[in-house]
>>> print(open('run06.txt').read())   # compact mmCIF, C-alpha atoms
# COMPACT_ATOMS: atom_id res chain seq x y z
CA MET A 1450 312.24 -99.84 -6.20
CA LEU A 1451 309.83 -98.80 -3.46
CA GLN A 1452 306.83 -99.47 -5.73
CA TYR A 1453 308.26 -102.91 -6.52
CA GLN A 1454 308.53 -103.74 -2.80
CA VAL A 1455 304.97 -102.59 -2.19
CA ASN A 1456 303.69 -104.68 -5.10
CA LEU A 1457 305.66 -107.69 -3.89
CA GLN A 1458 304.29 -107.37 -0.35
CA TRP A 1459 300.75 -107.09 -1.73
CA GLN A 1460 301.24 -110.20 -3.86
CA LEU A 1461 302.44 -112.11 -0.78
CA ILE A 1462 299.39 -110.97 1.19
CA LEU A 1463 297.17 -112.18 -1.61
CA PHE A 1464 298.81 -115.61 -1.53
CA LEU A 1465 296.68 -116.96 1.30
CA ILE A 1466 294.83 -120.24 1.19
CA GLY A 1467 291.77 -121.34 3.08
CA TYR A 1468 288.28 -122.73 2.94
CA LEU A 1469 284.80 -122.27 4.32
CA ASP A 1470 284.05 -125.90 5.11
CA VAL A 1471 280.54 -125.92 6.50
CA VAL A 1472 277.63 -123.87 7.78
CA CYS A 1473 275.63 -126.00 10.19
CA ASN A 1474 274.12 -125.56 13.64
CA ARG A 1475 274.34 -121.80 13.08
CA THR A 1476 278.13 -122.19 13.00
CA VAL A 1477 280.55 -121.22 10.23
CA ALA A 1478 283.66 -123.42 10.23
CA GLY A 1479 286.74 -123.44 8.05
CA TRP A 1480 290.44 -122.68 7.96
CA GLY A 1481 292.88 -120.04 6.71
CA TYR A 1482 296.65 -120.26 6.22
CA ASP A 1483 299.54 -118.08 5.11
CA PRO A 1484 302.10 -120.39 3.42
CA ASN A 1485 304.72 -117.61 3.42
CA ASN A 1486 304.42 -117.18 7.18
CA PRO A 1487 303.08 -120.45 8.67
CA ASP A 1488 303.18 -119.15 12.24
CA ARG A 1489 300.93 -116.19 11.45
CA ARG A 1490 297.25 -116.45 12.38
CA VAL A 1491 295.19 -114.81 9.66
CA GLY A 1492 291.98 -112.88 10.20
CA VAL A 1493 288.72 -113.86 8.52
CA GLN A 1494 285.68 -111.61 8.03
CA ILE A 1495 282.27 -113.32 7.92
CA PHE A 1496 279.42 -112.00 5.78
CA VAL A 1497 275.87 -113.32 6.27
CA ASN A 1498 273.19 -112.43 3.72
CA GLY A 1499 275.62 -109.99 2.13
CA SER A 1500 276.35 -107.99 5.29
CA SER A 1501 279.50 -108.01 7.42
CA THR A 1502 278.58 -109.94 10.56
CA GLY A 1503 281.79 -110.48 12.47
CA PHE A 1504 285.51 -111.15 12.54
CA VAL A 1505 287.39 -114.23 13.69
CA VAL A 1506 291.06 -115.25 13.89
CA ALA A 1507 291.93 -118.61 12.34
CA ASP A 1508 293.91 -119.97 15.29
CA LYS A 1509 292.09 -123.13 16.41
CA PHE A 1510 293.83 -126.48 16.23
CA ARG A 1511 292.56 -128.99 13.68
CA HIS A 1512 294.21 -132.35 13.18
CA ASP A 1513 293.10 -132.58 9.55
CA ILE A 1514 295.07 -129.42 8.75
CA VAL A 1515 298.24 -131.01 10.16
CA VAL A 1516 297.61 -134.09 8.01
CA SER A 1517 297.27 -131.79 4.99
CA CYS A 1518 300.71 -130.33 5.80
CA HIS A 1519 299.41 -126.82 6.46
CA GLY A 1520 301.64 -125.55 9.26
CA ASP A 1521 301.16 -126.61 12.87
CA GLY A 1522 297.41 -127.12 12.52
CA ASN A 1523 296.42 -124.00 14.47
CA HIS A 1524 294.64 -122.44 11.53
CA GLY A 1525 290.99 -123.37 12.02
CA TYR A 1526 288.16 -120.97 12.75
CA THR A 1527 284.56 -121.18 13.95
CA PHE A 1528 282.04 -118.37 14.03
CA TYR A 1529 278.62 -118.47 15.65
CA ILE A 1530 275.94 -116.65 13.67
CA PRO A 1531 274.13 -114.25 16.04
CA ASP A 1532 270.57 -114.94 17.19
CA ASN A 1533 269.30 -111.70 15.66
CA ILE A 1534 269.80 -113.15 12.16
CA ALA A 1535 266.78 -115.39 11.71
CA GLN A 1536 267.10 -116.65 8.12
CA ILE A 1537 270.50 -117.58 6.67
CA ARG A 1538 270.53 -117.33 2.88
CA THR A 1539 274.22 -116.84 2.04
CA VAL A 1540 277.48 -116.97 3.95
CA GLU A 1541 280.86 -115.72 2.75
CA ALA A 1542 284.28 -115.71 4.38
CA ARG A 1543 287.01 -113.29 3.27
CA PHE A 1544 290.57 -112.75 4.42
CA VAL A 1545 290.79 -109.48 6.30
CA ASP A 1546 294.19 -108.56 4.81
CA SER A 1547 293.19 -108.79 1.16
CA GLY A 1548 289.44 -109.22 0.92
CA GLN A 1549 290.13 -112.49 -0.89
CA LEU A 1550 287.11 -114.81 -0.91
CA LEU A 1551 287.69 -118.19 0.72
CA LEU A 1552 286.71 -121.19 -1.35
CA GLY A 1553 283.40 -122.72 -0.41
CA SER A 1554 281.80 -119.32 0.23
CA ASN A 1555 278.28 -119.53 -1.17
CA GLY A 1556 274.79 -120.54 -0.19
CA GLN A 1557 275.08 -124.14 -1.37
CA GLY A 1558 276.79 -125.47 1.78
CA ILE A 1559 274.15 -124.21 4.20
CA ASP A 1560 272.29 -127.05 5.93
CA GLU A 1561 268.73 -125.76 6.12
CA THR A 1562 267.68 -128.39 8.67
CA THR A 1563 270.20 -127.14 11.26
CA ASN A 1564 270.07 -123.40 10.56
CA ARG A 1565 266.45 -122.70 11.47
CA PRO A 1566 265.20 -119.67 13.40
CA LEU A 1567 264.41 -120.32 17.05
CA PRO A 1568 260.73 -121.38 17.31
CA ASP A 1569 258.44 -119.00 19.21
CA GLU A 1570 257.47 -121.82 21.58
CA TRP A 1571 261.04 -121.93 22.90
CA VAL A 1572 260.93 -118.35 24.15
CA SER A 1573 259.38 -117.70 27.57
CA GLU A 1574 257.03 -114.78 28.09
CA LYS A 1575 258.64 -114.31 31.52
CA GLY A 1576 262.11 -113.92 30.06
CA GLY A 1577 264.64 -116.57 29.21
CA TYR A 1578 263.46 -119.73 27.48
CA ALA A 1579 260.67 -122.23 28.00
CA LEU A 1580 262.59 -125.15 26.44
CA PRO A 1581 264.37 -127.37 27.22
CA SER A 1582 262.12 -127.90 30.20
CA VAL A 1583 263.90 -130.97 31.62
CA PHE A 1584 267.59 -131.54 32.34
CA LEU A 1585 268.90 -135.06 32.91
CA LEU A 1586 272.04 -133.94 34.73
CA GLY A 1587 274.03 -137.09 35.49
CA ALA A 1588 276.00 -138.65 37.01
CA ALA A 1589 278.34 -140.14 34.43
CA LYS A 1590 278.23 -143.94 34.07
CA SER A 1591 275.09 -144.08 36.20
CA GLY A 1592 272.37 -144.93 33.70
CA THR A 1593 271.81 -141.61 31.90
CA SER A 1594 272.05 -143.26 28.46
CA SER A 1595 269.36 -145.75 29.42
CA LEU A 1596 267.10 -143.03 30.84
CA HIS A 1597 267.64 -140.98 27.68
CA ASN A 1598 266.39 -143.98 25.71
CA TYR A 1599 263.32 -144.47 27.91
CA LEU A 1600 262.36 -140.78 27.79
CA GLY A 1601 262.80 -140.79 24.02
CA GLN A 1602 260.13 -143.49 23.70
CA CYS A 1603 257.50 -141.07 25.07
CA ALA A 1604 255.51 -139.28 22.38
CA ASP A 1605 255.31 -136.06 24.41
CA ILE A 1606 259.09 -135.82 24.90
CA CYS A 1607 261.86 -134.67 22.57
CA VAL A 1608 265.30 -135.75 23.78
CA SER A 1609 268.62 -134.18 22.78
CA ASN A 1610 270.31 -135.61 19.68
CA PRO A 1611 273.22 -136.09 20.00
CA LYS A 1612 272.47 -137.13 23.55
CA GLU A 1613 275.15 -135.00 25.22
CA PRO A 1614 274.90 -131.23 24.55
CA TYR A 1615 278.04 -129.24 25.34
CA TYR A 1616 276.11 -125.98 25.36
CA PHE A 1617 276.15 -125.07 29.05
CA GLU A 1618 279.75 -126.25 29.41
CA TYR A 1619 281.47 -124.01 26.90
CA GLU A 1620 279.15 -123.19 23.96
CA TYR A 1621 276.93 -120.89 26.02
CA GLU A 1622 278.00 -117.70 24.26
CA ALA A 1623 276.85 -119.15 20.93
CA GLY A 1624 273.24 -118.45 21.92
CA ALA A 1625 269.94 -120.29 22.17
CA THR A 1626 269.36 -120.51 18.40
CA PHE A 1627 272.64 -122.38 18.02
CA TYR A 1628 271.65 -124.65 20.94
CA PHE A 1629 268.31 -125.46 19.34
CA ASN A 1630 269.77 -126.21 15.91
CA LYS A 1631 272.69 -128.32 17.08
CA TYR A 1632 270.84 -130.53 19.53
CA PHE A 1633 267.08 -130.21 18.92
CA SER A 1634 266.53 -129.49 15.23
CA HIS A 1635 264.35 -132.65 15.15
CA TRP A 1636 261.81 -131.08 17.56
CA HIS A 1637 258.30 -130.97 16.12
CA GLY A 1638 256.16 -129.53 18.89
CA GLN A 1639 256.61 -132.02 21.75
CA LYS A 1640 255.44 -130.78 25.14
CA LEU A 1641 258.70 -131.54 26.96
CA VAL A 1642 262.29 -131.20 25.76
CA VAL A 1643 265.14 -132.99 27.56
CA ASP A 1644 268.83 -132.05 27.64
CA ALA A 1645 270.75 -135.16 28.77
CA ARG A 1646 274.34 -134.07 29.37
CA HIS A 1647 275.84 -135.99 32.31
CA ARG A 1648 278.61 -133.45 33.01
CA ASN A 1649 276.02 -130.77 33.78
CA LEU A 1650 275.83 -132.26 37.28
CA TYR A 1651 279.58 -132.15 37.81
CA LEU A 1652 280.61 -128.75 36.44
CA PRO A 1653 280.26 -125.90 38.98
CA TRP A 1654 279.41 -123.12 36.50
CA VAL A 1655 276.50 -124.94 34.83
CA PRO A 1656 273.70 -124.59 37.47
CA GLU A 1657 273.60 -120.80 37.21
CA ARG A 1658 273.50 -120.97 33.42
CA ILE A 1659 270.61 -123.43 33.41
CA LYS A 1660 268.79 -121.22 35.91
CA ALA A 1661 269.24 -118.20 33.61
CA HIS A 1662 268.04 -120.23 30.63
CA ASN A 1663 264.92 -121.70 32.23
CA PRO A 1664 264.28 -121.10 35.94
CA SER A 1665 261.21 -123.37 35.77
CA ALA A 1666 263.16 -126.38 34.48
CA ARG A 1667 262.75 -129.82 36.04
CA LEU A 1668 266.00 -131.50 37.07
CA LEU A 1669 266.60 -135.25 36.98
CA VAL A 1670 269.57 -136.81 38.76
CA ILE A 1671 270.42 -140.52 38.71
CA LEU A 1672 273.20 -141.72 41.02
CA ARG A 1673 275.20 -144.92 41.31
CA ASN A 1674 277.38 -146.46 44.00
CA PRO A 1675 280.37 -144.07 43.62
CA VAL A 1676 282.94 -146.87 43.89
CA GLN A 1677 281.34 -148.74 41.01
CA ARG A 1678 280.84 -145.49 39.13
CA ALA A 1679 284.51 -144.42 39.40
CA ILE A 1680 285.78 -147.81 38.26
CA SER A 1681 283.31 -147.95 35.38
CA HIS A 1682 284.26 -144.40 34.34
CA TRP A 1683 287.95 -145.32 34.21
CA TRP A 1684 287.26 -148.62 32.44
CA HIS A 1685 285.13 -146.86 29.81
CA TRP A 1686 288.23 -145.04 28.53
CA TYR A 1687 290.94 -147.59 29.41
CA SER A 1688 289.15 -150.42 27.60
CA ALA A 1689 288.41 -148.23 24.59
CA SER A 1690 292.03 -147.30 23.88
CA ARG A 1691 295.27 -146.76 25.77
CA ALA A 1692 295.54 -143.56 23.73
CA PHE A 1693 292.47 -142.32 25.62
CA GLU A 1694 293.52 -143.52 29.09
CA PRO A 1695 297.08 -144.92 29.33
CA LEU A 1696 297.10 -145.38 33.12
CA ASN A 1697 295.97 -148.45 35.03
CA LEU A 1698 293.29 -147.97 37.69
CA LYS A 1699 295.61 -147.29 40.62
CA GLU A 1700 297.73 -144.83 38.62
CA ALA A 1701 294.68 -143.10 37.16
CA LEU A 1702 293.07 -142.61 40.56
CA ALA A 1703 296.32 -141.24 41.97
CA ALA A 1704 296.62 -138.80 39.06
CA ASP A 1705 293.03 -137.73 39.53
CA LEU A 1706 293.56 -137.15 43.24
CA ARG A 1707 296.56 -134.92 42.42
CA ARG A 1708 294.40 -132.98 39.96
CA ILE A 1709 291.71 -132.46 42.64
CA GLU A 1710 294.29 -131.18 45.12
CA SER A 1711 295.82 -128.82 42.55
CA GLU A 1712 292.42 -127.29 41.75
CA ARG A 1713 291.36 -126.50 45.31
CA THR A 1714 292.55 -122.89 45.06
CA LEU A 1715 291.20 -122.27 41.53
CA THR A 1716 288.20 -120.04 41.01
CA VAL A 1717 285.19 -121.27 39.05
CA ASN A 1718 286.21 -119.08 36.11
CA GLN A 1719 289.71 -120.55 36.11
CA LYS A 1720 288.31 -124.07 36.13
CA MET A 1721 285.94 -123.16 33.29
CA SER A 1722 288.77 -121.74 31.16
CA SER A 1723 291.03 -124.77 31.54
CA TYR A 1724 288.15 -127.16 30.90
CA ALA A 1725 287.08 -125.37 27.70
CA ALA A 1726 290.67 -125.27 26.43
CA ALA A 1727 291.04 -129.03 26.90
CA LEU A 1728 287.88 -129.71 24.90
CA LEU A 1729 288.54 -127.19 22.14
CA ASN A 1730 292.04 -128.56 21.59
CA ASP A 1731 290.43 -131.90 20.74
CA MET A 1732 288.22 -130.63 17.91
CA ASP A 1733 287.90 -133.11 15.05
CA GLY A 1734 288.27 -131.00 11.93
CA ALA A 1735 285.26 -129.33 10.40
CA ASN A 1736 282.91 -131.90 12.00
CA LEU A 1737 282.78 -129.75 15.15
CA THR A 1738 282.88 -132.84 17.37
CA HIS A 1739 285.25 -134.06 20.05
CA LYS A 1740 287.23 -137.25 19.65
CA ASN A 1741 287.31 -138.05 23.37
CA GLU A 1742 287.10 -136.60 26.86
CA ALA A 1743 289.65 -138.89 28.49
CA ARG A 1744 292.09 -136.04 29.06
CA LEU A 1745 289.42 -134.60 31.40
CA ARG A 1746 290.03 -137.23 34.08
CA THR A 1747 287.32 -136.80 36.75
CA TYR A 1748 286.92 -140.31 38.10
CA LEU A 1749 286.90 -139.48 41.81
CA ASP A 1750 285.09 -136.18 42.31
CA SER A 1751 282.30 -137.10 39.89
CA GLY A 1752 281.14 -139.19 42.85
CA TYR A 1753 280.96 -136.29 45.32
CA TYR A 1754 277.22 -136.22 44.76
CA MET A 1755 276.02 -134.03 47.60
CA GLU A 1756 278.44 -131.24 46.70
CA GLN A 1757 277.03 -131.23 43.18
CA ILE A 1758 273.38 -131.35 44.28
CA ASP A 1759 273.97 -128.49 46.71
CA ARG A 1760 275.15 -126.30 43.85
CA TYR A 1761 271.82 -126.77 42.10
CA LEU A 1762 269.84 -126.13 45.27
CA GLN A 1763 271.42 -122.68 45.39
CA PHE A 1764 269.46 -121.84 42.23
CA PHE A 1765 266.44 -124.17 42.15
CA PRO A 1766 263.80 -125.10 44.75
CA ARG A 1767 263.82 -128.66 46.05
CA ASP A 1768 260.52 -129.55 44.36
CA GLN A 1769 262.09 -129.05 40.91
CA LEU A 1770 264.73 -131.71 41.63
CA HIS A 1771 264.11 -135.48 41.42
CA VAL A 1772 266.92 -137.76 42.59
CA LEU A 1773 266.85 -141.49 41.92
CA LEU A 1774 269.33 -144.33 42.31
CA LEU A 1775 270.53 -146.73 39.66
CA ASP A 1776 269.86 -149.48 42.21
CA ASP A 1777 266.13 -148.72 41.96
CA LEU A 1778 266.17 -148.70 38.17
CA ILE A 1779 267.80 -152.13 38.20
CA VAL A 1780 265.38 -153.71 40.67
CA ALA A 1781 262.14 -152.03 39.56
CA PRO A 1782 262.59 -150.23 36.21
CA GLN A 1783 258.88 -149.76 35.50
CA LYS A 1784 258.04 -148.40 38.95
CA THR A 1785 261.09 -146.13 38.95
CA PHE A 1786 260.35 -144.73 35.49
CA ALA A 1787 256.71 -144.19 36.43
CA SER A 1788 257.89 -141.96 39.28
CA ILE A 1789 259.90 -139.93 36.77
CA LEU A 1790 256.90 -139.50 34.46
CA GLU A 1791 254.78 -138.37 37.40
CA PHE A 1792 257.46 -135.85 38.40
CA LEU A 1793 257.41 -134.50 34.83
CA GLY A 1794 253.62 -134.14 34.84
CA LEU A 1795 253.01 -137.02 32.43
CA ASN A 1796 250.82 -140.10 32.76
CA PRO A 1797 252.80 -142.68 34.79
CA ASP A 1798 250.85 -145.50 33.14
CA PHE A 1799 253.00 -145.01 30.03
CA ALA A 1800 255.80 -146.75 31.92
CA LYS A 1801 253.93 -150.03 31.30
CA ARG A 1802 254.21 -149.65 27.52
CA ILE A 1803 257.90 -149.05 26.90
CA ARG A 1804 260.92 -151.30 26.71
CA TYR A 1805 263.83 -150.99 29.12
CA PRO A 1806 267.12 -151.86 27.39
CA VAL A 1807 270.41 -151.06 29.09
CA CYS A 1808 272.48 -148.69 26.96
CA ASN A 1809 276.20 -147.89 26.85
CA ILE A 1810 277.27 -151.16 28.49
CA SER A 1811 280.93 -151.51 29.49
CA MET A 1812 283.21 -153.96 27.73
CA PRO A 1813 284.06 -157.15 29.65
CA GLY A 1814 287.30 -157.53 31.60
CA LYS A 1815 286.88 -154.86 34.25
CA SER A 1816 286.92 -157.22 37.24
CA GLU A 1817 290.39 -158.50 36.29
CA GLN A 1818 291.77 -154.99 36.87
CA LEU A 1819 290.68 -154.75 40.52
CA ASP A 1820 292.32 -155.63 43.81
CA ALA A 1821 291.14 -155.47 47.41
CA SER A 1822 293.38 -152.56 48.41
CA ILE A 1823 291.93 -150.27 45.72
CA LEU A 1824 288.36 -151.18 46.65
CA SER A 1825 289.04 -150.63 50.34
CA TRP A 1826 290.62 -147.22 49.67
CA LEU A 1827 287.70 -146.13 47.45
CA HIS A 1828 285.07 -147.12 49.99
CA ALA A 1829 286.87 -145.16 52.71
CA HIS A 1830 287.31 -142.19 50.39
CA TYR A 1831 283.60 -141.98 49.61
CA GLU A 1832 282.28 -142.69 53.11
CA PRO A 1833 281.73 -139.02 54.17
CA HIS A 1834 280.20 -138.16 50.80
CA ASN A 1835 277.80 -141.10 51.05
CA ARG A 1836 276.75 -140.14 54.57
CA ALA A 1837 275.95 -136.59 53.42
CA LEU A 1838 273.82 -137.91 50.56
CA GLU A 1839 272.14 -140.41 52.87
CA GLY A 1840 270.96 -137.57 55.10
CA PHE A 1841 269.62 -135.62 52.14
CA LEU A 1842 267.71 -138.57 50.67
CA GLY A 1843 266.47 -139.87 54.00
CA ARG A 1844 267.33 -143.46 53.11
CA SER A 1845 270.11 -145.88 53.95
CA LEU A 1846 273.02 -146.27 51.55
CA ASN A 1847 274.76 -148.98 53.57
CA THR A 1848 275.02 -151.24 50.53
CA TRP A 1849 277.30 -148.63 48.97
CA SER A 1850 279.71 -148.91 51.89
CA SER A 1851 280.36 -152.63 51.61
CA CYS A 1852 283.57 -153.82 49.97
CA ALA A 1853 281.65 -156.94 49.06
CA ALA A 1854 279.17 -154.98 46.91
CA PRO A 1855 278.99 -156.44 43.38
CA LEU A 1856 280.94 -154.54 40.74
CA ALA A 1857 279.40 -156.07 37.62
CA ASP A 1858 277.33 -153.85 35.39
CA TYR A 1859 273.64 -154.07 35.96
CA PRO A 1860 271.72 -156.78 34.05
CA LEU A 1861 269.82 -156.31 30.84
CA ILE A 1862 266.24 -155.15 31.31
CA LEU A 1863 264.34 -156.09 28.20
CA SER A 1864 260.71 -156.81 28.92
CA THR A 1865 257.86 -154.36 28.39
CA ALA A 1866 256.45 -155.31 31.79
CA GLY A 1867 259.59 -154.04 33.53
CA LYS A 1868 260.70 -157.44 34.85
CA LEU A 1869 264.10 -158.98 34.23
CA ASP A 1870 264.09 -161.48 31.40
>>> encode(input="run06.txt", output="structure tokens")
Amino acid sequence: MLQYQVNLQWQLILFLIGYLDVVCNRTVAGWGYDPNNPDRRVGVQIFVNGSSTGFVVADKFRHDIVVSCHGDGNHGYTFYIPDNIAQIRTVEARFVDSGQLLLGSNGQGIDETTNRPLPDEWVSEKGGYALPSVFLLGAAKSGTSSLHNYLGQCADICVSNPKEPYYFEYEYEAGATFYFNKYFSHWHGQKLVVDARHRNLYLPWVPERIKAHNPSARLLVILRNPVQRAISHWWHWYSASRAFEPLNLKEALAADLRRIESERTLTVNQKMSSYAAALLNDMDGANLTHKNEARLRTYLDSGYYMEQIDRYLQFFPRDQLHVLLLDDLIVAPQKTFASILEFLGLNPDFAKRIRYPVCNISMPGKSEQLDASILSWLHAHYEPHNRALEGFLGRSLNTWSSCAAPLADYPLILSTAGKLD
């Protein structure tokens, strides 16, 4: 009888199902599930090139697993292949309990283009890394997509693709080889490499990480009238889908203000943990992407520009930081971009030869959502922040303080000469 029970328990352990979905960007992703105990989170052992490399618990939420009727969906796993493994020839995943091989475990699913060793040129002789050498930090809804486009037209520059790397936010422990493969696998020797994540300006734990990665990096910051920026940020999500942002402007700003007040006593580590959890809970299956960031409502304090700049000045000298205004890019795109090229050590004359489209334009209908009381409150809210930035820049920002300031998105800039068509 005892032997029968042991055999039965072993058979139940063997009855696990799962899959190794993909090996890309130096990341192993899949899922594992115990149909006899749906609430149990099974362990998965990862083998790279035939050797045991690490262990992971399949406990991450994936919506596609819910759709497939496999428990509550908290059965996904991701595993970052360590930097000390240069070449990836085979990857296997096995259940820890039984040694059972997960389906999909072989060398056929390895994407060679996104699992490359880190190039020697990316490693600094002084320690850390030489690339990326430029960080376009933000702010959100302030022209970073357009600048990313302009920089990408320069032959000596490789820009991040996808545009917005999450690495310094919450993927940092995955390592520099992962970072290179996920966002810069298209690099082919360009002199400068640009990371263009707008939230890098906002998040308080990022400056120190960028400093550790490349203390010689050049930092680009583009800023917009914070009233216009906050409204555009809200409208970006509200106009896309009420599932992303269900609150109207007044309600959303009130909710954001409550969030700011509730976080005043949190440490940086506590903020980092809650932020990462919100993003990771939105993972889109084995694609390792995020469906939206609307749950991370930061409409108001994304416009506290001087607070964010000061955090970078704790780690970088002033001459490695270049701050520009969206106003200048609108009025004189060629001249403004030439100043950026000069800051980066490139020939400013190249600014005469590129096109200046406006990217990531908001959908129409935003102005119908506004009223005078909201605009008045926003201008008063940002007044001390604008005055602090004004002192730092040494230029007047009075146009930002006027309730009569235009709220329409900036016009299309299409000519190669940098004039408005």
>>> atom_distance(input="run06.txt", atom1="atom CA of A:Leu1698", atom2="atom CA of A:Ile1810")
18.7 Å
>>> closest_residue(input="run06.txt", among="A:Ser1554, A:Asn1610, A:Asn1630, A:Thr1714", to="A:Tyr1529", atoms="only C-alpha atoms")
A:Asn1630
>>> residues_around(input="run06.txt", residues="A:Ile1680", least_positions_apart="3", cutoff="9 Å", atoms="all atoms listed in the file", output="list in words")
Pro1675, Val1676, Gln1677, Trp1683, Trp1684, His1685, Leu1698, Tyr1748, Lys1815, Leu1819 and Leu1856 of chain A
>>> write_last_selection(input="run06.txt", atoms="C-alpha atoms", output="PDB file, in the coordinates of the input")
ATOM      1  CA  PRO A1675     280.370-144.070  43.620  1.00  0.00           C
ATOM      2  CA  VAL A1676     282.940-146.870  43.890  1.00  0.00           C
ATOM      3  CA  GLN A1677     281.340-148.740  41.010  1.00  0.00           C
ATOM      4  CA  TRP A1683     287.950-145.320  34.210  1.00  0.00           C
ATOM      5  CA  TRP A1684     287.260-148.620  32.440  1.00  0.00           C
ATOM      6  CA  HIS A1685     285.130-146.860  29.810  1.00  0.00           C
ATOM      7  CA  LEU A1698     293.290-147.970  37.690  1.00  0.00           C
ATOM      8  CA  TYR A1748     286.920-140.310  38.100  1.00  0.00           C
ATOM      9  CA  LYS A1815     286.880-154.860  34.250  1.00  0.00           C
ATOM     10  CA  LEU A1819     290.680-154.750  40.520  1.00  0.00           C
ATOM     11  CA  LEU A1856     280.940-154.540  40.740  1.00  0.00           C
TER      12      LEU A1856
END
>>> residues_around(input="run06.txt", residues="A:Gly1520", least_positions_apart="3", cutoff="12 Å", atoms="only C-alpha atoms", output="list in words")
Ile1466, Trp1480, Gly1481, Tyr1482, Asp1483, Pro1484, Asn1485, Asn1486, Pro1487, Asp1488, Arg1489, Arg1490, Asp1508, Phe1510, Arg1511, His1512, Asp1513, Ile1514, Val1515, Val1516, Ser1517, Asn1523, His1524 and Gly1525 of chain A
>>> atom_distance(input="run06.txt", atom1="atom CA of A:Val1545", atom2="atom CA of A:Val1493")
5.3 Å
>>> atom_distance(input="run06.txt", atom1="atom CA of A:Tyr1632", atom2="atom CA of A:Pro1611")
6.1 Å
>>> residues_around(input="run06.txt", residues="A:Trp1636", least_positions_apart="2", cutoff="10 Å", atoms="all atoms listed in the file", output="MDAnalysis selection string")
chainID A and resid 1568 1606:1610 1629:1630 1632:1634 1638:1642
>>> residues_around(input="run06.txt", residues="A:Asn1498", least_positions_apart="4", cutoff="7 Å", atoms="only C-alpha atoms", output="ChimeraX atom specification")
/A:1537-1540
>>> closest_residue(input="run06.txt", among="A:Met1755, A:Ala1661, A:Leu1775, A:Leu1790", to="A:Leu1842", atoms="all atoms listed in the file")
A:Met1755
>>> closest_residue(input="run06.txt", among="A:Ser1845, A:Ser1751, A:Gln1783, A:Asn1564", to="A:Leu1672", atoms="only C-alpha atoms")
A:Ser1751
>>> closest_residue(input="run06.txt", among="A:Tyr1615, A:Tyr1621, A:Phe1627, A:Phe1528", to="A:Asp1644", atoms="only C-alpha atoms")
A:Tyr1615
>>> residues_near_point(input="run06.txt", point="(283.1, -116.4, 6.9)", cutoff="6 Å", atoms="all atoms listed in the file", output="list in words")
Gln1494, Ile1495, Phe1496, Glu1541 and Ala1542 of chain A
>>> closest_residue(input="run06.txt", among="A:His1828, A:Arg1691, A:Lys1699, A:Arg1673", to="A:Leu1774", atoms="only C-alpha atoms")
A:Arg1673
>>> residues_around(input="run06.txt", residues="stretch 1576-1581 of chain A", least_positions_apart="2", cutoff="7 Å", atoms="only C-alpha atoms", output="PyMOL selection string")
chain A and resi 1571-1574+1583+1642-1644+1661-1663
>>> decode(input="run06.txt", residues="stretch 1463-1474 of chain A", atoms="N, CA and C atoms", output="compact mmCIF listing (two decimals), in the first residue's frame")
# COMPACT_ATOMS: atom_id res chain seq x y z
N LEU A 1463 4.89 13.92 -12.00
CA LEU A 1463 5.28 13.88 -13.41
C LEU A 1463 4.26 14.58 -14.30
N PHE A 1464 3.01 14.66 -13.84
CA PHE A 1464 1.96 15.23 -14.67
C PHE A 1464 1.96 16.74 -14.56
N LEU A 1465 3.03 17.35 -15.04
CA LEU A 1465 3.15 18.79 -15.11
C LEU A 1465 3.18 19.18 -16.58
N ILE A 1466 2.67 20.35 -16.88
CA ILE A 1466 2.69 20.82 -18.26
C ILE A 1466 3.37 22.18 -18.31
N GLY A 1467 4.01 22.45 -19.41
CA GLY A 1467 4.69 23.73 -19.55
C GLY A 1467 5.40 23.82 -20.88
N TYR A 1468 6.02 24.98 -21.10
CA TYR A 1468 6.65 25.23 -22.39
C TYR A 1468 7.80 26.22 -22.23
N LEU A 1469 8.82 26.03 -23.02
CA LEU A 1469 9.85 27.05 -23.19
C LEU A 1469 9.48 27.78 -24.47
N ASP A 1470 8.96 28.99 -24.32
CA ASP A 1470 8.39 29.70 -25.47
C ASP A 1470 9.45 30.31 -26.38
N VAL A 1471 10.44 31.00 -25.77
CA VAL A 1471 11.34 31.79 -26.60
C VAL A 1471 12.65 32.02 -25.88
N VAL A 1472 13.71 32.15 -26.64
CA VAL A 1472 15.00 32.60 -26.13
C VAL A 1472 15.42 33.78 -26.99
N CYS A 1473 15.21 34.97 -26.49
CA CYS A 1473 15.58 36.17 -27.23
C CYS A 1473 16.03 37.23 -26.24
N ASN A 1474 16.87 38.14 -26.70
CA ASN A 1474 17.40 39.21 -25.85
C ASN A 1474 18.05 38.64 -24.59
